[in-house]
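The file protein_20.pdb comes next; it holds PDB, C-alpha atoms.
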ATOM      1  CA  MET A 531       0.000   0.000   0.000
ATOM      2  CA  VAL A 532       1.298   3.457  -0.947
ATOM      3  CA  GLY A 533       0.702   6.355   1.453
ATOM      4  CA  THR A 534      -1.027   9.583   0.496
ATOM      5  CA  SER A 535      -0.672  13.213   1.396
ATOM      6  CA  THR A 536      -3.778  12.982   3.572
ATOM      7  CA  GLY A 537      -1.832  11.193   6.290
ATOM      8  CA  SER A 538       1.395  12.013   8.074
ATOM      9  CA  ALA A 539       3.516  11.322   4.988
ATOM     10  CA  ARG A 540       3.330  12.968   1.595
ATOM     11  CA  PHE A 541       2.574  10.696  -1.343
ATOM     12  CA  SER A 542       5.800  11.770  -3.045
ATOM     13  CA  ASP A 543       7.766  10.918   0.119
ATOM     14  CA  ALA A 544       6.148   7.490   0.256
ATOM     15  CA  LEU A 545       7.117   6.865  -3.366
ATOM     16  CA  ARG A 546      10.683   7.938  -2.713
ATOM     17  CA  GLU A 547      10.869   5.648   0.312
ATOM     18  CA  SER A 548       9.621   2.757  -1.831
ATOM     19  CA  ALA A 549      12.765   3.151  -3.968
ATOM     20  CA  GLY A 550      14.882   2.279  -0.943
ATOM     21  CA  GLU A 551      18.652   2.447  -1.291
ATOM     22  CA  GLN A 552      18.457   2.905  -5.044
ATOM     23  CA  TRP A 553      17.385   6.521  -4.561
ATOM     24  CA  GLY A 554      20.582   7.170  -2.637
ATOM     25  CA  ARG A 555      22.688   5.462  -5.295
ATOM     26  CA  VAL A 556      21.232   7.830  -7.891
ATOM     27  CA  VAL A 557      21.608  11.102  -6.001
ATOM     28  CA  GLU A 558      25.078  10.209  -4.699
ATOM     29  CA  HIS A 559      26.387   8.688  -7.933
ATOM     30  CA  LYS A 560      30.062   9.261  -8.694
ATOM     31  CA  PHE A 561      29.059  11.066 -11.903
ATOM     32  CA  THR A 562      27.566  13.913  -9.870
ATOM     33  CA  LYS A 563      30.637  14.218  -7.655
ATOM     34  CA  GLU A 564      33.100  14.141 -10.555
ATOM     35  CA  LEU A 565      30.999  16.634 -12.499
ATOM     36  CA  ALA A 566      30.951  19.073  -9.586
ATOM     37  CA  SER A 567      34.665  18.712  -8.864
ATOM     38  CA  GLY A 568      35.543  19.261 -12.513
ATOM     39  CA  THR A 569      37.470  15.987 -12.614
ATOM     40  CA  ILE A 570      35.045  14.132 -14.864
ATOM     41  CA  GLU A 571      36.633  12.778 -18.031
ATOM     42  CA  ARG A 572      35.468  14.584 -21.138
ATOM     43  CA  ASP A 573      34.563  11.340 -22.893
ATOM     44  CA  VAL A 574      32.316  10.413 -19.957
ATOM     45  CA  LEU A 575      30.574  13.785 -20.030
ATOM     46  CA  LYS A 576      30.268  13.697 -23.815
ATOM     47  CA  ARG A 577      28.689  10.229 -23.720
ATOM     48  CA  TYR A 578      26.254  11.367 -21.031
ATOM     49  CA  LEU A 579      25.227  14.585 -22.790
ATOM     50  CA  ILE A 580      24.747  12.974 -26.197
ATOM     51  CA  GLN A 581      22.448  10.351 -24.693
ATOM     52  CA  ASP A 582      20.647  12.817 -22.419
ATOM     53  CA  HIS A 583      19.864  15.106 -25.342
ATOM     54  CA  ARG A 584      18.254  12.142 -27.134
ATOM     55  CA  PHE A 585      15.206  12.135 -24.875
ATOM     56  CA  LEU A 586      14.794  15.903 -24.564
ATOM     57  CA  ASP A 587      12.007  15.778 -27.141
ATOM     58  CA  SER A 588      10.216  12.984 -25.277
ATOM     59  CA  PHE A 589      10.559  14.912 -22.027
ATOM     60  CA  VAL A 590       8.873  17.923 -23.650
ATOM     61  CA  VAL A 591       6.090  15.610 -24.869
ATOM     62  CA  LEU A 592       5.671  14.378 -21.287
ATOM     63  CA  LEU A 593       5.506  17.959 -20.012
ATOM     64  CA  GLY A 594       2.912  18.652 -22.687
ATOM     65  CA  ALA A 595       0.849  15.740 -21.395
ATOM     66  CA  LEU A 596       0.983  17.249 -17.916
ATOM     67  CA  ILE A 597      -0.173  20.591 -19.283
ATOM     68  CA  SER A 598      -3.012  18.864 -21.125
ATOM     69  CA  LYS A 599      -4.184  16.684 -18.229
ATOM     70  CA  ALA A 600      -3.679  19.070 -15.300
ATOM     71  CA  ARG A 601      -6.873  19.801 -13.404
ATOM     72  CA  CYS A 602      -6.945  23.593 -13.822
ATOM     73  CA  LEU A 603      -5.136  26.574 -15.349
ATOM     74  CA  GLN A 604      -3.327  27.289 -12.091
ATOM     75  CA  ASP A 605      -1.797  23.797 -12.271
ATOM     76  CA  ARG A 606      -0.811  24.201 -15.935
ATOM     77  CA  VAL A 607       1.025  27.523 -15.893
ATOM     78  CA  PRO A 608       4.213  26.448 -14.048
ATOM     79  CA  ALA A 609       4.632  23.498 -16.416
ATOM     80  CA  CYS A 610       4.377  25.864 -19.382
ATOM     81  CA  GLN A 611       7.052  28.072 -17.839
ATOM     82  CA  PHE A 612       9.306  25.077 -17.154
ATOM     83  CA  ALA A 613       8.897  23.867 -20.743
ATOM     84  CA  ALA A 614      10.293  27.230 -21.856
ATOM     85  CA  VAL A 615      13.388  26.650 -19.699
ATOM     86  CA  ILE A 616      13.916  23.141 -21.071
ATOM     87  CA  THR A 617      13.615  24.257 -24.683
ATOM     88  CA  GLY A 618      15.551  27.473 -24.033
ATOM     89  CA  ALA A 619      18.409  27.649 -21.535
ATOM     90  CA  GLU A 620      18.836  23.890 -21.155
ATOM     91  CA  ASN A 621      18.780  23.123 -24.867
ATOM     92  CA  THR A 622      21.229  25.959 -25.470
ATOM     93  CA  TYR A 623      23.552  24.463 -22.834
ATOM     94  CA  PHE A 624      23.596  21.193 -24.782
ATOM     95  CA  GLU A 625      24.433  22.954 -28.036
ATOM     96  CA  ARG A 626      27.284  24.911 -26.440
ATOM     97  CA  CYS A 627      28.656  21.763 -24.822
ATOM     98  CA  PHE A 628      28.572  19.844 -28.075
ATOM     99  CA  GLN A 629      30.618  22.620 -29.662
ATOM    100  CA  GLU A 630      33.103  22.629 -26.767
ATOM    101  CA  LEU A 631      33.407  18.824 -26.691
ATOM    102  CA  GLY A 632      33.970  18.493 -30.439
ATOM    103  CA  CYS A 633      30.680  16.789 -31.264
ATOM    104  CA  ALA A 634      28.691  19.643 -32.800
ATOM    105  CA  ASP A 635      28.110  17.768 -36.060
ATOM    106  CA  VAL A 636      24.501  16.572 -35.856
ATOM    107  CA  GLU A 637      24.911  13.776 -38.410
ATOM    108  CA  ARG A 638      27.859  12.290 -36.538
ATOM    109  CA  ARG A 639      25.926  12.397 -33.267
ATOM    110  CA  ILE A 640      22.905  10.739 -34.872
ATOM    111  CA  ALA A 641      25.159   7.888 -36.013
ATOM    112  CA  ILE A 642      25.887   7.044 -32.364
ATOM    113  CA  PRO A 643      23.303   4.439 -31.280
ATOM    114  CA  ASN A 644      21.010   4.904 -28.314
ATOM    115  CA  ALA A 645      22.076   3.237 -25.091
ATOM    116  CA  ALA A 646      19.521   0.742 -23.775
ATOM    117  CA  CYS A 647      18.676   3.074 -20.882
ATOM    118  CA  THR A 648      18.142   5.959 -23.305
ATOM    119  CA  THR A 649      15.659   3.910 -25.300
ATOM    120  CA  GLY A 650      14.084   2.836 -22.018
ATOM    121  CA  PHE A 651      13.590   6.432 -20.930
ATOM    122  CA  ILE A 652      12.173   7.458 -24.312
ATOM    123  CA  ASP A 653       9.742   4.528 -24.263
ATOM    124  CA  LEU A 654       8.686   5.245 -20.677
ATOM    125  CA  MET A 655       8.081   8.939 -21.306
ATOM    126  CA  ARG A 656       6.186   8.354 -24.549
ATOM    127  CA  ASP A 657       4.066   5.552 -23.088
ATOM    128  CA  VAL A 658       3.149   7.532 -19.982
ATOM    129  CA  ALA A 659       2.427  10.655 -22.044
ATOM    130  CA  SER A 660       0.083   8.698 -24.335
ATOM    131  CA  ASN A 661      -1.477   6.174 -21.979
ATOM    132  CA  GLY A 662      -0.781   7.223 -18.406
ATOM    133  CA  SER A 663      -2.929   9.016 -15.884
ATOM    134  CA  LEU A 664      -2.038  12.434 -14.521
ATOM    135  CA  GLY A 665      -0.575  10.708 -11.466
ATOM    136  CA  GLU A 666       1.620   8.463 -13.614
ATOM    137  CA  ILE A 667       2.837  11.432 -15.654
ATOM    138  CA  LEU A 668       3.742  13.285 -12.483
ATOM    139  CA  SER A 669       5.436  10.222 -11.006
ATOM    140  CA  VAL A 670       7.944  10.080 -13.852
ATOM    141  CA  LEU A 671       8.481  13.836 -13.949
ATOM    142  CA  VAL A 672       9.058  13.979 -10.194
ATOM    143  CA  VAL A 673      11.783  11.323 -10.402
ATOM    144  CA  CYS A 674      13.512  13.108 -13.268
ATOM    145  CA  GLU A 675      13.563  16.475 -11.518
ATOM    146  CA  TRP A 676      13.670  15.588  -7.821
ATOM    147  CA  THR A 677      16.684  13.271  -8.135
ATOM    148  CA  TYR A 678      18.526  16.033  -9.984
ATOM    149  CA  LEU A 679      17.601  18.624  -7.390
ATOM    150  CA  CYS A 680      18.891  16.318  -4.641
ATOM    151  CA  TRP A 681      22.314  15.849  -6.178
ATOM    152  CA  GLY A 682      22.464  19.402  -7.538
ATOM    153  CA  GLU A 683      21.831  20.950  -4.136
ATOM    154  CA  ALA A 684      24.296  18.548  -2.497
ATOM    155  CA  VAL A 685      27.214  19.629  -4.703
ATOM    156  CA  SER A 686      26.342  23.220  -5.594
ATOM    157  CA  SER A 687      28.322  24.900  -2.821
ATOM    158  CA  THR A 688      31.533  23.054  -3.691
ATOM    159  CA  THR A 689      31.246  23.025  -7.489
ATOM    160  CA  ASN A 690      34.378  23.895  -9.435
ATOM    161  CA  ARG A 691      33.632  26.844 -11.709
ATOM    162  CA  ASP A 692      36.493  26.600 -14.200
ATOM    163  CA  GLU A 693      34.490  25.151 -17.110
ATOM    164  CA  PHE A 694      30.879  25.893 -18.047
ATOM    165  CA  ILE A 695      30.356  22.353 -19.335
ATOM    166  CA  THR A 696      30.420  21.129 -15.724
ATOM    167  CA  TYR A 697      29.211  23.938 -13.476
ATOM    168  CA  GLU A 698      26.294  25.080 -15.655
ATOM    169  CA  TRP A 699      24.719  21.621 -15.456
ATOM    170  CA  VAL A 700      24.856  21.923 -11.677
ATOM    171  CA  ASP A 701      23.437  25.455 -11.840
ATOM    172  CA  LEU A 702      20.518  24.280 -13.977
ATOM    173  CA  HIS A 703      19.619  21.713 -11.312
ATOM    174  CA  SER A 704      19.993  23.674  -8.092
ATOM    175  CA  GLY A 705      18.914  26.972  -6.564
ATOM    176  CA  PRO A 706      15.544  28.593  -5.827
ATOM    177  CA  ALA A 707      14.140  28.521  -9.379
ATOM    178  CA  PHE A 708      14.700  24.805  -9.914
ATOM    179  CA  ARG A 709      13.653  24.032  -6.338
ATOM    180  CA  SER A 710      10.336  25.758  -7.036
ATOM    181  CA  VAL A 711       9.798  23.495 -10.074
ATOM    182  CA  VAL A 712      10.335  20.380  -7.981
ATOM    183  CA  ASP A 713       8.089  21.729  -5.202
ATOM    184  CA  TYR A 714       5.388  22.377  -7.805
ATOM    185  CA  LEU A 715       5.634  18.885  -9.326
ATOM    186  CA  ARG A 716       5.692  17.185  -5.932
ATOM    187  CA  GLY A 717       2.725  19.262  -4.812
ATOM    188  CA  LEU A 718       0.673  18.146  -7.796
ATOM    189  CA  LEU A 719       1.683  14.524  -7.252
ATOM    190  CA  ASP A 720       0.765  14.753  -3.570
ATOM    191  CA  LYS A 721      -2.620  16.171  -4.531
ATOM    192  CA  GLU A 722      -3.220  13.335  -6.989
ATOM    193  CA  GLY A 723      -2.294  10.823  -4.320
ATOM    194  CA  SER A 724      -5.072  12.166  -2.123
ATOM    195  CA  LEU A 725      -7.653  12.011  -4.934
ATOM    196  CA  ILE A 726      -7.043   8.645  -6.598
ATOM    197  CA  GLU A 727      -7.789   5.084  -5.492
ATOM    198  CA  GLU A 728      -5.210   2.591  -4.236
ATOM    199  CA  ASP A 729      -4.916   0.770  -7.574
ATOM    200  CA  GLU A 730      -4.043   4.063  -9.273
ATOM    201  CA  ARG A 731      -1.490   4.849  -6.575
ATOM    202  CA  GLU A 732       0.123   1.477  -7.257
ATOM    203  CA  LYS A 733       0.376   2.373 -10.943
ATOM    204  CA  CYS A 734       2.121   5.590  -9.932
ATOM    205  CA  LYS A 735       4.546   3.597  -7.800
ATOM    206  CA  LYS A 736       5.340   1.283 -10.724
ATOM    207  CA  ARG A 737       6.156   4.240 -12.985
ATOM    208  CA  PHE A 738       8.139   5.981 -10.233
ATOM    209  CA  LEU A 739      10.320   2.936  -9.596
ATOM    210  CA  ALA A 740      10.847   2.346 -13.316
ATOM    211  CA  ALA A 741      12.120   5.911 -13.659
ATOM    212  CA  VAL A 742      14.460   5.558 -10.650
ATOM    213  CA  GLN A 743      15.905   2.382 -12.181
ATOM    214  CA  LEU A 744      16.540   4.165 -15.469
ATOM    215  CA  GLU A 745      18.179   7.115 -13.712
ATOM    216  CA  GLU A 746      20.722   4.796 -12.097
ATOM    217  CA  GLU A 747      21.341   2.949 -15.361
ATOM    218  CA  PHE A 748      21.772   6.251 -17.172
ATOM    219  CA  PHE A 749      24.528   7.497 -14.848
ATOM    220  CA  ASP A 750      26.232   4.099 -15.021
ATOM    221  CA  ASN A 751      26.090   4.155 -18.818
ATOM    222  CA  ALA A 752      28.179   7.333 -18.945
ATOM    223  CA  TYR A 753      31.126   5.174 -17.858
ATOM    224  CA  ALA A 754      30.503   2.389 -20.362
ATOM    225  CA  SER A 755      33.346   1.902 -22.810
TER
END

Can the structure from this file be put into structure tokens for me?
Amino acid sequence: MVGTSTGSARFSDALRESAGEQWGRVVEHKFTKELASGTIERDVLKRYLIQDHRFLDSFVVLLGALISKARCLQDRVPACQFAAVITGAENTYFERCFQELGCADVERRIAIPNAACTTGFIDLMRDVASNGSLGEILSVLVVCEWTYLCWGEAVSSTTNRDEFITYEWVDLHSGPAFRSVVDYLRGLLDKEGSLIEEDEREKCKKRFLAAVQLEEEFFDNAYAS
């Protein structure tokens, strides 16, 4: 049984707790520490960014599904504003990094195959966007953004600021603006948890745990040869 925000625990907290130690492995992954310290190998960062950029479009589709299925205008507006950040500042960061890392040629990047976890994320986002409930949509979005806030906030104060390719990724995932996005998404998920039946909460849990699994696999894949 998954808790709801009507009791002592928030629904989003209950979902996070259901991930157990895997949540900690994601938010404390060596990738995040090496990125912040500036010691990450460029090939590792390049591999990560190329794959991460692959599901940017699917992430925007998932945000669009949230905007479409949200219960009122007040619940839609922050998602619209966040979509502008994803397609603006974040997408621009990718383009600048590709130039800096010597992989700006789009055709050459396209020739690099998707990692299994990349395909898994794309499939999850597209399936939830097309077939999932509002709670399921939020469950995946909360994992994607909350895990990044957790590691971003943990390393932000000690981040090396010599190269934009490392510190700007931390900046994009820490601070008051990004924290407000995560608070908004968690708030909507908590609200859904209080409105839906137990079988729907279990579906949310399934999507949440699938996304946590993919997050860990995605960080690990950056180190694959």

Next on the checklist: Report, in Å with one decimal, the straight-line distance from CA of Met655 (chain A) to CA of Val685 (chain A).
Outcome noted: 27.5 Å

Checklist entry - Written as number ranges by chain, what is the full residue list that the PyMOL selection byres ((chain A and resi 663) around 10) yields on the file shown? => result A: 595-596, 599, 658-662, 664-669, 722, 730, 733-734

With C-alpha atoms kept, could you save the residues just selected as a PDB file, in the frame of the given file?
ATOM      1  CA  ALA A 595       0.849  15.740 -21.395  1.00  0.00           C
ATOM      2  CA  LEU A 596       0.983  17.249 -17.916  1.00  0.00           C
ATOM      3  CA  LYS A 599      -4.184  16.684 -18.229  1.00  0.00           C
ATOM      4  CA  VAL A 658       3.149   7.532 -19.982  1.00  0.00           C
ATOM      5  CA  ALA A 659       2.427  10.655 -22.044  1.00  0.00           C
ATOM      6  CA  SER A 660       0.083   8.698 -24.335  1.00  0.00           C
ATOM      7  CA  ASN A 661      -1.477   6.174 -21.979  1.00  0.00           C
ATOM      8  CA  GLY A 662      -0.781   7.223 -18.406  1.00  0.00           C
ATOM      9  CA  LEU A 664      -2.038  12.434 -14.521  1.00  0.00           C
ATOM     10  CA  GLY A 665      -0.575  10.708 -11.466  1.00  0.00           C
ATOM     11  CA  GLU A 666       1.620   8.463 -13.614  1.00  0.00           C
ATOM     12  CA  ILE A 667       2.837  11.432 -15.654  1.00  0.00           C
ATOM     13  CA  LEU A 668       3.742  13.285 -12.483  1.00  0.00           C
ATOM     14  CA  SER A 669       5.436  10.222 -11.006  1.00  0.00           C
ATOM     15  CA  GLU A 722      -3.220  13.335  -6.989  1.00  0.00           C
ATOM     16  CA  GLU A 730      -4.043   4.063  -9.273  1.00  0.00           C
ATOM     17  CA  LYS A 733       0.376   2.373 -10.943  1.00  0.00           C
ATOM     18  CA  CYS A 734       2.121   5.590  -9.932  1.00  0.00           C
TER      19      CYS A 734
END

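With distances taken over all atoms listed in the file, A:Gln581 is the one residue among A:Ser724, A:Thr562, A:Gln581, A:Ser710 lying closest to Phe651 (chain A).
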
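Among the candidates A:Thr696, A:Asn644, A:Asn751, A:Gln743, the one nearest to Glu551 (chain A) when counting all atoms listed in the file is A:Gln743.
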
Checklist entry - Quick one: of A:Cys674, A:Leu739, A:Ala609, A:Cys627, who's nearest to Arg577 (chain A), counting all atoms listed in the file? => result A:Cys627

Item to check | Result set of the PyMOL selection byres ((chain A and resi 750) around 10) on the coordinates above, as a VMD selection string | outcome: chain A and resid 556 559 to 561 578 647 744 to 749 751 to 754

Next on the checklist: For a test of reading the model, state the distance in Å between CA of Lys563 (chain A) and CA of Val590 (chain A), rounded to one decimal.
Outcome noted: 27.3 Å

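Take the candidates A:Gly568, A:Gly632, A:Gly650, A:Pro608 and check each one against Gly594 (chain A) using only C-alpha atoms; the shortest distance goes to A:Pro608.
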
Checklist outcome for this item: If you count all atoms listed in the file, the residue of A:Ala549, A:Val574, A:Val711, A:Gly554 closest to Ala684 (chain A) turns out to be A:Gly554

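Distance annotation: of A:Cys610, A:Cys680, A:Ala539, A:Leu702, the residue with the minimal separation from Arg555 (chain A) is A:Cys680; atom set is all atoms listed in the file.
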
Checklist entry - If we count only C-alpha atoms, what is near His703 (chain A) at a cut-off of 10 Å, once residues fewer than 2 positions away on the same chain are taken out, given as a ChimeraX atom specification? => result /A:675-683,686,698-701,705-709,712

Checklist entry - Written as number ranges by chain, which residues does the PyMOL selection byres ((chain A and resi 546) around 10) give for the file shown? => result A: 540-545, 547-554, 672-673, 676-677, 735, 738-739, 742

Next on the checklist: Using all atoms listed in the file, which protein or nucleic acid residues come within 10 Å of Phe628 (chain A)? Drop anything in the same chain fewer than 3 positions from it, and give the result as a ChimeraX atom specification.
Outcome noted: /A:576,579-580,622-625,631-636,639,695

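If you look at CA of Val591 (chain A) and CA of Arg656 (chain A), they are 7.3 Å away from each other.
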